file work.pdb (PDB, C-alpha atoms, pLDDT in the B column)
ATOM      1  CA  MET A 161    -152.274 -41.725 102.737  1.00 43.00           C
ATOM      2  CA  TYR A 162    -149.166 -43.696 103.641  1.00 43.00           C
ATOM      3  CA  ASN A 163    -149.036 -45.573 106.931  1.00 45.00           C
ATOM      4  CA  ASN A 164    -145.626 -46.887 107.844  1.00 48.00           C
ATOM      5  CA  ASN A 165    -146.285 -48.304 111.291  1.00 46.00           C
ATOM      6  CA  LEU A 166    -144.056 -51.351 110.790  1.00 42.00           C
ATOM      7  CA  HIS A 167    -140.891 -49.528 109.721  1.00 47.00           C
ATOM      8  CA  ASN A 168    -138.149 -48.810 112.198  1.00 49.00           C
ATOM      9  CA  LYS A 169    -139.985 -49.112 115.530  1.00 48.00           C
ATOM     10  CA  ALA A 170    -136.861 -48.054 117.453  1.00 45.00           C
ATOM     11  CA  GLU A 171    -136.722 -44.806 115.519  1.00 50.00           C
ATOM     12  CA  LEU A 172    -140.406 -44.076 116.158  1.00 49.00           C
ATOM     13  CA  SER A 173    -139.998 -44.603 119.887  1.00 51.00           C
ATOM     14  CA  GLN A 174    -137.316 -41.918 120.322  1.00 54.00           C
ATOM     15  CA  GLN A 175    -137.886 -39.942 123.507  1.00 56.00           C
ATOM     16  CA  LEU A 176    -139.696 -36.631 123.279  1.00 55.00           C
ATOM     17  CA  PRO A 177    -139.769 -33.993 126.015  1.00 53.00           C
ATOM     18  CA  PRO A 178    -142.376 -35.077 128.596  1.00 54.00           C
ATOM     19  CA  LEU A 179    -145.806 -33.476 128.462  1.00 50.00           C
ATOM     20  CA  SER A 180    -148.687 -34.329 130.737  1.00 46.00           C
ATOM     21  CA  GLN A 181    -152.332 -34.393 129.680  1.00 46.00           C
ATOM     22  CA  LYS A 182    -153.135 -31.430 131.952  1.00 48.00           C
ATOM     23  CA  GLN A 183    -150.007 -29.383 131.356  1.00 58.00           C
ATOM     24  CA  GLU A 184    -150.615 -25.801 130.269  1.00 63.00           C
ATOM     25  CA  TYR A 185    -149.505 -24.930 126.755  1.00 63.00           C
ATOM     26  CA  ASP A 186    -145.866 -23.883 126.738  1.00 80.00           C
ATOM     27  CA  PHE A 187    -144.478 -22.715 123.407  1.00 82.00           C
ATOM     28  CA  GLN A 188    -140.860 -23.620 124.158  1.00 87.00           C
ATOM     29  CA  THR A 189    -141.740 -27.168 125.238  1.00 86.00           C
ATOM     30  CA  GLN A 190    -143.994 -27.614 122.208  1.00 84.00           C
ATOM     31  CA  LYS A 191    -141.218 -26.324 119.973  1.00 87.00           C
ATOM     32  CA  LYS A 192    -138.782 -28.911 121.408  1.00 91.00           C
ATOM     33  CA  VAL A 193    -141.317 -31.675 120.813  1.00 89.00           C
ATOM     34  CA  GLY A 194    -141.859 -30.472 117.249  1.00 90.00           C
ATOM     35  CA  LYS A 195    -138.139 -30.198 116.493  1.00 93.00           C
ATOM     36  CA  THR A 196    -137.520 -33.709 117.837  1.00 93.00           C
ATOM     37  CA  GLY A 197    -140.366 -35.026 115.683  1.00 94.00           C
ATOM     38  CA  GLU A 198    -139.001 -33.179 112.650  1.00 95.00           C
ATOM     39  CA  ALA A 199    -135.578 -34.809 113.113  1.00 96.00           C
ATOM     40  CA  ILE A 200    -137.197 -38.253 113.273  1.00 96.00           C
ATOM     41  CA  VAL A 201    -139.257 -37.630 110.126  1.00 97.00           C
ATOM     42  CA  ASP A 202    -136.193 -36.260 108.305  1.00 97.00           C
ATOM     43  CA  LYS A 203    -134.234 -39.402 109.168  1.00 96.00           C
ATOM     44  CA  TRP A 204    -137.143 -41.645 108.115  1.00 96.00           C
ATOM     45  CA  LEU A 205    -137.389 -39.906 104.736  1.00 97.00           C
ATOM     46  CA  GLN A 206    -133.626 -40.080 104.225  1.00 97.00           C
ATOM     47  CA  ILE A 207    -133.743 -43.842 104.848  1.00 96.00           C
ATOM     48  CA  HIS A 208    -136.241 -43.956 101.962  1.00 95.00           C
ATOM     49  CA  GLY A 209    -133.854 -42.070  99.666  1.00 97.00           C
ATOM     50  CA  TYR A 210    -135.189 -38.523 100.012  1.00 97.00           C
ATOM     51  CA  ARG A 211    -132.982 -35.461 100.281  1.00 98.00           C
ATOM     52  CA  ILE A 212    -134.318 -32.883 102.714  1.00 97.00           C
ATOM     53  CA  GLU A 213    -134.063 -29.085 102.680  1.00 98.00           C
ATOM     54  CA  ASP A 214    -135.151 -27.489 105.956  1.00 97.00           C
ATOM     55  CA  VAL A 215    -136.916 -24.257 104.961  1.00 98.00           C
ATOM     56  CA  SER A 216    -138.821 -23.790 108.232  1.00 95.00           C
ATOM     57  CA  ASP A 217    -136.900 -20.641 109.196  1.00 95.00           C
ATOM     58  CA  LEU A 218    -137.385 -18.871 105.854  1.00 97.00           C
ATOM     59  CA  PRO A 219    -140.232 -16.293 106.042  1.00 97.00           C
ATOM     60  CA  GLN A 220    -141.714 -17.070 102.605  1.00 97.00           C
ATOM     61  CA  TYR A 221    -142.034 -20.759 103.544  1.00 97.00           C
ATOM     62  CA  GLN A 222    -143.258 -20.042 107.089  1.00 94.00           C
ATOM     63  CA  LYS A 223    -146.087 -17.934 105.675  1.00 94.00           C
ATOM     64  CA  ALA A 224    -147.053 -20.791 103.326  1.00 96.00           C
ATOM     65  CA  GLY A 225    -146.989 -23.387 106.123  1.00 93.00           C
ATOM     66  CA  ILE A 226    -144.058 -25.296 104.653  1.00 97.00           C
ATOM     67  CA  ASP A 227    -141.317 -26.871 106.775  1.00 97.00           C
ATOM     68  CA  ARG A 228    -139.352 -28.866 104.196  1.00 98.00           C
ATOM     69  CA  ARG A 229    -138.590 -29.198 100.516  1.00 98.00           C
ATOM     70  CA  LEU A 230    -138.314 -32.889  99.717  1.00 98.00           C
ATOM     71  CA  ILE A 231    -136.297 -34.177  96.778  1.00 98.00           C
ATOM     72  CA  ARG A 232    -137.523 -37.645  95.889  1.00 97.00           C
ATOM     73  CA  PRO A 233    -135.173 -40.406  94.735  1.00 96.00           C
ATOM     74  CA  ASN A 234    -136.381 -39.796  91.143  1.00 97.00           C
ATOM     75  CA  GLY A 235    -135.443 -36.092  91.391  1.00 97.00           C
ATOM     76  CA  SER A 236    -138.981 -34.677  91.595  1.00 98.00           C
ATOM     77  CA  THR A 237    -139.763 -32.339  94.463  1.00 98.00           C
ATOM     78  CA  ALA A 238    -142.562 -31.734  96.937  1.00 98.00           C
ATOM     79  CA  THR A 239    -143.086 -29.447  99.901  1.00 98.00           C
ATOM     80  CA  ALA A 240    -144.159 -30.728 103.297  1.00 97.00           C
ATOM     81  CA  GLU A 241    -145.500 -29.462 106.578  1.00 96.00           C
ATOM     82  CA  TYR A 242    -144.561 -31.645 109.546  1.00 96.00           C
ATOM     83  CA  LYS A 243    -146.759 -32.169 112.580  1.00 93.00           C
ATOM     84  CA  THR A 244    -145.896 -34.103 115.738  1.00 92.00           C
ATOM     85  CA  ASP A 245    -148.997 -35.258 117.606  1.00 90.00           C
ATOM     86  CA  ILE A 246    -148.064 -36.733 120.974  1.00 88.00           C
ATOM     87  CA  LYS A 247    -151.663 -37.330 122.043  1.00 86.00           C
ATOM     88  CA  ALA A 248    -152.945 -39.141 118.941  1.00 84.00           C
ATOM     89  CA  LYS A 249    -151.862 -42.602 120.085  1.00 86.00           C
ATOM     90  CA  GLN A 250    -153.591 -42.093 123.432  1.00 85.00           C
ATOM     91  CA  THR A 251    -156.801 -40.493 122.131  1.00 83.00           C
ATOM     92  CA  GLY A 252    -157.167 -42.173 118.747  1.00 83.00           C
ATOM     93  CA  ASN A 253    -157.702 -38.701 117.261  1.00 79.00           C
ATOM     94  CA  LEU A 254    -155.444 -36.639 115.044  1.00 78.00           C
ATOM     95  CA  PHE A 255    -155.165 -32.933 115.822  1.00 78.00           C
ATOM     96  CA  PHE A 256    -156.147 -30.834 112.825  1.00 75.00           C
ATOM     97  CA  GLU A 257    -156.371 -27.103 113.475  1.00 77.00           C
ATOM     98  CA  VAL A 258    -159.053 -25.484 111.324  1.00 73.00           C
ATOM     99  CA  PHE A 259    -159.909 -22.279 113.225  1.00 76.00           C
ATOM    100  CA  ASP A 260    -158.432 -20.555 116.255  1.00 78.00           C
ATOM    101  CA  ASP A 261    -160.311 -19.159 119.262  1.00 79.00           C
ATOM    102  CA  ARG A 262    -161.087 -15.981 117.287  1.00 84.00           C
ATOM    103  CA  ASN A 263    -162.474 -18.022 114.368  1.00 80.00           C
ATOM    104  CA  ARG A 264    -159.498 -17.250 112.102  1.00 83.00           C
ATOM    105  CA  PRO A 265    -158.389 -19.963 109.661  1.00 80.00           C
ATOM    106  CA  CYS A 266    -155.401 -21.983 110.860  1.00 80.00           C
ATOM    107  CA  TRP A 267    -152.895 -24.308 109.204  1.00 82.00           C
ATOM    108  CA  GLY A 268    -155.561 -26.818 108.205  1.00 80.00           C
ATOM    109  CA  TRP A 269    -156.857 -24.251 105.723  1.00 81.00           C
ATOM    110  CA  THR A 270    -153.849 -22.069 105.086  1.00 87.00           C
ATOM    111  CA  SER A 271    -151.007 -24.546 104.569  1.00 91.00           C
ATOM    112  CA  GLN A 272    -149.810 -24.569 100.963  1.00 95.00           C
ATOM    113  CA  ALA A 273    -147.627 -27.657 101.409  1.00 96.00           C
ATOM    114  CA  ASP A 274    -147.979 -30.536  98.944  1.00 97.00           C
ATOM    115  CA  LEU A 275    -147.888 -33.025 101.823  1.00 96.00           C
ATOM    116  CA  TRP A 276    -148.606 -33.067 105.520  1.00 94.00           C
ATOM    117  CA  ILE A 277    -146.491 -35.527 107.436  1.00 95.00           C
ATOM    118  CA  PHE A 278    -147.821 -36.420 110.877  1.00 92.00           C
ATOM    119  CA  PHE A 279    -145.462 -38.094 113.326  1.00 94.00           C
ATOM    120  CA  ILE A 280    -147.257 -40.016 116.073  1.00 92.00           C
ATOM    121  CA  PRO A 281    -144.529 -41.078 118.546  1.00 90.00           C
ATOM    122  CA  GLN A 282    -144.253 -44.785 119.266  1.00 87.00           C
ATOM    123  CA  GLN A 283    -146.874 -45.529 116.638  1.00 87.00           C
ATOM    124  CA  GLU A 284    -146.547 -44.317 113.061  1.00 91.00           C
ATOM    125  CA  ILE A 285    -145.862 -41.684 110.467  1.00 94.00           C
ATOM    126  CA  LEU A 286    -148.775 -40.616 108.257  1.00 91.00           C
ATOM    127  CA  VAL A 287    -148.259 -38.875 104.919  1.00 94.00           C
ATOM    128  CA  VAL A 288    -151.370 -37.018 103.777  1.00 90.00           C
ATOM    129  CA  GLU A 289    -152.211 -35.014 100.689  1.00 92.00           C
ATOM    130  CA  PRO A 290    -153.946 -31.891 102.086  1.00 89.00           C
ATOM    131  CA  GLY A 291    -156.450 -31.548  99.242  1.00 85.00           C
ATOM    132  CA  LYS A 292    -157.734 -35.097  99.737  1.00 83.00           C
ATOM    133  CA  PHE A 293    -157.909 -34.624 103.493  1.00 78.00           C
ATOM    134  CA  ARG A 294    -159.847 -31.377 103.160  1.00 76.00           C
ATOM    135  CA  LEU A 295    -162.195 -33.047 100.667  1.00 78.00           C
ATOM    136  CA  LEU A 296    -163.055 -35.728 103.243  1.00 73.00           C
ATOM    137  CA  GLY A 297    -163.984 -32.942 105.647  1.00 65.00           C
ATOM    138  CA  THR A 298    -166.229 -31.149 103.182  1.00 65.00           C
ATOM    139  CA  ARG A 299    -168.039 -34.449 102.555  1.00 62.00           C
ATOM    140  CA  GLY A 300    -168.700 -34.868 106.268  1.00 60.00           C
ATOM    141  CA  GLN A 301    -166.396 -37.878 106.534  1.00 55.00           C
ATOM    142  CA  ILE A 302    -164.309 -36.308 109.282  1.00 57.00           C
ATOM    143  CA  LYS A 303    -165.738 -35.288 112.647  1.00 59.00           C
ATOM    144  CA  TYR A 304    -164.412 -32.074 114.159  1.00 52.00           C
ATOM    145  CA  GLN A 305    -164.714 -30.917 117.711  1.00 53.00           C
ATOM    146  CA  SER A 306    -163.969 -27.470 119.067  1.00 49.00           C
ATOM    147  CA  LYS A 307    -161.167 -27.501 121.621  1.00 52.00           C
ATOM    148  CA  TRP A 308    -162.607 -24.319 123.079  1.00 42.00           C
ATOM    149  CA  ASP A 309    -165.998 -25.645 124.180  1.00 48.00           C
ATOM    150  CA  ASN A 310    -166.036 -29.361 123.163  1.00 49.00           C
ATOM    151  CA  ARG A 311    -168.907 -28.954 120.704  1.00 45.00           C
ATOM    152  CA  ASP A 312    -168.952 -30.570 117.290  1.00 45.00           C
ATOM    153  CA  ILE A 313    -168.248 -28.055 114.559  1.00 42.00           C
ATOM    154  CA  PRO A 314    -168.888 -28.108 110.840  1.00 44.00           C
ATOM    155  CA  PHE A 315    -165.821 -28.444 108.637  1.00 42.00           C
ATOM    156  CA  TRP A 316    -166.714 -25.665 106.243  1.00 39.00           C
TER     157      TRP A 316
END
call {"tool": "encode", "arguments": {"input": "work.pdb", "output": "structure tokens"}}
result
Amino acid sequence: MYNNNLHNKAELSQQLPPLSQKQEYDFQTQKKVGKTGEAIVDKWLQIHGYRIEDVSDLPQYQKAGIDRRLIRPNGSTATAEYKTDIKAKQTGNLFFEVFDDRNRPCWGWTSQADLWIFFIPQQEILVVEPGKFRLLGTRGQIKYQSKWDNRDIPFW
């Protein structure tokens, strides 16, 4: 996991569309927040010498949970799913969607990306290898809580 909380503070503090703690979910507002976060992460990666291919609108990548193809400075490639979590700084928790309200697997299980890149505005960017993250969950090293009824839930 890469934590880059000291790099480019001005870039990480870029304004996102306002959302209140009690605001109802609004897809269009969430999409704006996500797109703004994606632009910030793209710029951050480019500063580090990466070339970025936005594949988020291509159906085969959408189905696989992949937002970007990253070309590293050495020419190797990786795929990434980006997440912007505007509440993580406030709550100290990272949102990781495992199951939906109908108990169907969500991106935490279905994403086929090589990397997950979490943007936490005004704080940091986290780069996570999904397999390692999932392994922590299966070992009980991550606590999960249902957003539907606030009960703790098992990872697997």
call {"tool": "closest_residue", "arguments": {"input": "work.pdb", "among": "A:Tyr221, A:Phe187, A:Phe293, A:Trp204", "to": "Leu275 of chain A", "atoms": "all atoms listed in the file"}}
result
A:Phe293
call {"tool": "resolve_selection", "arguments": {"input": "work.pdb", "expression": "the PyMOL selection byres ((chain A and resi 243-257) around 8)", "output": "ChimeraX atom specification"}}
result
/A:193-194,197-198,241-242,258-260,266-268,276-283
call {"tool": "write_last_selection", "arguments": {"input": "work.pdb", "atoms": "C-alpha atoms", "output": "PDB file, in the coordinates of the input"}}
result
ATOM      1  CA  VAL A 193    -141.317 -31.675 120.813  1.00 89.00           C
ATOM      2  CA  GLY A 194    -141.859 -30.472 117.249  1.00 90.00           C
ATOM      3  CA  GLY A 197    -140.366 -35.026 115.683  1.00 94.00           C
ATOM      4  CA  GLU A 198    -139.001 -33.179 112.650  1.00 95.00           C
ATOM      5  CA  GLU A 241    -145.500 -29.462 106.578  1.00 96.00           C
ATOM      6  CA  TYR A 242    -144.561 -31.645 109.546  1.00 96.00           C
ATOM      7  CA  VAL A 258    -159.053 -25.484 111.324  1.00 73.00           C
ATOM      8  CA  PHE A 259    -159.909 -22.279 113.225  1.00 76.00           C
ATOM      9  CA  ASP A 260    -158.432 -20.555 116.255  1.00 78.00           C
ATOM     10  CA  CYS A 266    -155.401 -21.983 110.860  1.00 80.00           C
ATOM     11  CA  TRP A 267    -152.895 -24.308 109.204  1.00 82.00           C
ATOM     12  CA  GLY A 268    -155.561 -26.818 108.205  1.00 80.00           C
ATOM     13  CA  TRP A 276    -148.606 -33.067 105.520  1.00 94.00           C
ATOM     14  CA  ILE A 277    -146.491 -35.527 107.436  1.00 95.00           C
ATOM     15  CA  PHE A 278    -147.821 -36.420 110.877  1.00 92.00           C
ATOM     16  CA  PHE A 279    -145.462 -38.094 113.326  1.00 94.00           C
ATOM     17  CA  ILE A 280    -147.257 -40.016 116.073  1.00 92.00           C
ATOM     18  CA  PRO A 281    -144.529 -41.078 118.546  1.00 90.00           C
ATOM     19  CA  GLN A 282    -144.253 -44.785 119.266  1.00 87.00           C
ATOM     20  CA  GLN A 283    -146.874 -45.529 116.638  1.00 87.00           C
TER      21      GLN A 283
END
call {"tool": "atom_distance", "arguments": {"input": "work.pdb", "atom1": "atom CA of Leu205 of chain A", "atom2": "atom CA of Leu230 of chain A"}}
result
8.7 Å
call {"tool": "resolve_selection", "arguments": {"input": "work.pdb", "expression": "the PyMOL selection byres ((chain A and resi 231) around 10)", "output": "list of chain:residue names"}}
result
A:Leu205, A:Gln206, A:Gly209, A:Tyr210, A:Arg211, A:Ile212, A:Glu213, A:Arg228, A:Arg229, A:Leu230, A:Arg232, A:Pro233, A:Asn234, A:Gly235, A:Ser236, A:Thr237, A:Ala238, A:Thr239
call {"tool": "closest_residue", "arguments": {"input": "work.pdb", "among": "A:Ile207, A:Ala199, A:Ala273, A:Leu295", "to": "Gln222 of chain A", "atoms": "all atoms listed in the file"}}
result
A:Ala273
call {"tool": "closest_residue", "arguments": {"input": "work.pdb", "among": "A:Thr196, A:Trp269, A:Ala240, A:Val201", "to": "Glu284 of chain A", "atoms": "all atoms listed in the file"}}
result
A:Val201
call {"tool": "closest_residue", "arguments": {"input": "work.pdb", "among": "A:Ile285, A:Gly291, A:Asp227, A:Val215", "to": "Ile200 of chain A", "atoms": "only C-alpha atoms"}}
result
A:Ile285
call {"tool": "atom_distance", "arguments": {"input": "work.pdb", "atom1": "atom CA of Asp202 of chain A", "atom2": "atom CA of Gln272 of chain A"}}
result
19.4 Å
call {"tool": "atom_distance", "arguments": {"input": "work.pdb", "atom1": "atom CA of Asp274 of chain A", "atom2": "atom CA of Val288 of chain A"}}
result
8.8 Å
call {"tool": "build_atoms", "arguments": {"input": "work.pdb", "residues": "segment 241-267 of chain A", "atoms": "N, CA, C and O atoms", "output": "compact mmCIF listing (two decimals), in the frame of the given file"}}
result
# COMPACT_ATOMS: atom_id res chain seq x y z
N GLU A 241 -145.34 -30.02 105.23
CA GLU A 241 -145.50 -29.46 106.58
C GLU A 241 -145.50 -30.65 107.53
O GLU A 241 -146.21 -31.63 107.31
N TYR A 242 -144.68 -30.58 108.56
CA TYR A 242 -144.56 -31.64 109.55
C TYR A 242 -145.41 -31.30 110.77
O TYR A 242 -145.44 -30.15 111.20
N LYS A 243 -146.03 -32.32 111.32
CA LYS A 243 -146.76 -32.17 112.58
C LYS A 243 -146.41 -33.34 113.48
O LYS A 243 -146.41 -34.49 113.04
N THR A 244 -146.11 -33.06 114.74
CA THR A 244 -145.90 -34.10 115.74
C THR A 244 -147.09 -34.07 116.67
O THR A 244 -147.39 -33.04 117.27
N ASP A 245 -147.80 -35.19 116.77
CA ASP A 245 -149.00 -35.26 117.61
C ASP A 245 -148.77 -36.30 118.70
O ASP A 245 -148.91 -37.50 118.46
N ILE A 246 -148.40 -35.82 119.89
CA ILE A 246 -148.06 -36.73 120.97
C ILE A 246 -149.29 -37.35 121.65
O ILE A 246 -149.16 -38.30 122.40
N LYS A 247 -150.46 -36.81 121.38
CA LYS A 247 -151.66 -37.33 122.04
C LYS A 247 -152.45 -38.29 121.16
O LYS A 247 -153.35 -38.98 121.63
N ALA A 248 -152.14 -38.36 119.88
CA ALA A 248 -152.94 -39.14 118.94
C ALA A 248 -152.99 -40.62 119.30
O ALA A 248 -154.04 -41.26 119.20
N LYS A 249 -151.88 -41.18 119.72
CA LYS A 249 -151.86 -42.60 120.08
C LYS A 249 -152.79 -42.86 121.27
O LYS A 249 -153.51 -43.84 121.30
N GLN A 250 -152.78 -41.95 122.22
CA GLN A 250 -153.59 -42.09 123.43
C GLN A 250 -155.08 -41.87 123.14
O GLN A 250 -155.93 -42.59 123.65
N THR A 251 -155.40 -40.86 122.34
CA THR A 251 -156.80 -40.49 122.13
C THR A 251 -157.44 -41.18 120.93
O THR A 251 -158.67 -41.26 120.85
N GLY A 252 -156.63 -41.62 119.98
CA GLY A 252 -157.17 -42.17 118.75
C GLY A 252 -157.61 -41.09 117.78
O GLY A 252 -158.22 -41.38 116.74
N ASN A 253 -157.32 -39.84 118.10
CA ASN A 253 -157.70 -38.70 117.26
C ASN A 253 -156.46 -37.98 116.79
O ASN A 253 -155.47 -37.87 117.52
N LEU A 254 -156.54 -37.43 115.60
CA LEU A 254 -155.44 -36.64 115.04
C LEU A 254 -155.82 -35.17 115.16
O LEU A 254 -156.93 -34.78 114.83
N PHE A 255 -154.89 -34.36 115.66
CA PHE A 255 -155.16 -32.93 115.82
C PHE A 255 -155.04 -32.24 114.48
O PHE A 255 -154.04 -32.35 113.78
N PHE A 256 -156.09 -31.54 114.10
CA PHE A 256 -156.15 -30.83 112.82
C PHE A 256 -156.75 -29.47 113.11
O PHE A 256 -157.93 -29.36 113.41
N GLU A 257 -155.93 -28.44 113.08
CA GLU A 257 -156.37 -27.10 113.48
C GLU A 257 -157.00 -26.38 112.29
O GLU A 257 -156.33 -26.08 111.31
N VAL A 258 -158.29 -26.13 112.39
CA VAL A 258 -159.05 -25.48 111.32
C VAL A 258 -159.24 -24.00 111.61
O VAL A 258 -158.98 -23.16 110.75
N PHE A 259 -159.69 -23.67 112.82
CA PHE A 259 -159.91 -22.28 113.22
C PHE A 259 -159.36 -22.08 114.63
O PHE A 259 -159.37 -22.99 115.43
N ASP A 260 -158.91 -20.85 114.91
CA ASP A 260 -158.43 -20.56 116.26
C ASP A 260 -159.59 -20.04 117.11
O ASP A 260 -160.75 -20.03 116.67
N ASP A 261 -159.27 -19.60 118.33
CA ASP A 261 -160.31 -19.16 119.26
C ASP A 261 -161.00 -17.88 118.82
O ASP A 261 -162.05 -17.53 119.34
N ARG A 262 -160.44 -17.19 117.84
CA ARG A 262 -161.09 -15.98 117.29
C ARG A 262 -161.70 -16.26 115.91
O ARG A 262 -161.99 -15.35 115.17
N ASN A 263 -161.84 -17.56 115.61
CA ASN A 263 -162.47 -18.02 114.37
C ASN A 263 -161.68 -17.64 113.11
O ASN A 263 -162.24 -17.51 112.04
N ARG A 264 -160.36 -17.50 113.25
CA ARG A 264 -159.50 -17.25 112.10
C ARG A 264 -159.00 -18.58 111.56
O ARG A 264 -158.71 -19.50 112.33
N PRO A 265 -158.89 -18.70 110.24
CA PRO A 265 -158.39 -19.96 109.66
C PRO A 265 -156.97 -20.27 110.13
O PRO A 265 -156.14 -19.37 110.24
N CYS A 266 -156.72 -21.54 110.41
CA CYS A 266 -155.40 -21.98 110.86
C CYS A 266 -154.78 -22.88 109.80
O CYS A 266 -155.29 -23.01 108.69
N TRP A 267 -153.70 -23.57 110.18
CA TRP A 267 -152.90 -24.31 109.20
C TRP A 267 -153.70 -25.32 108.40
O TRP A 267 -153.34 -25.60 107.25
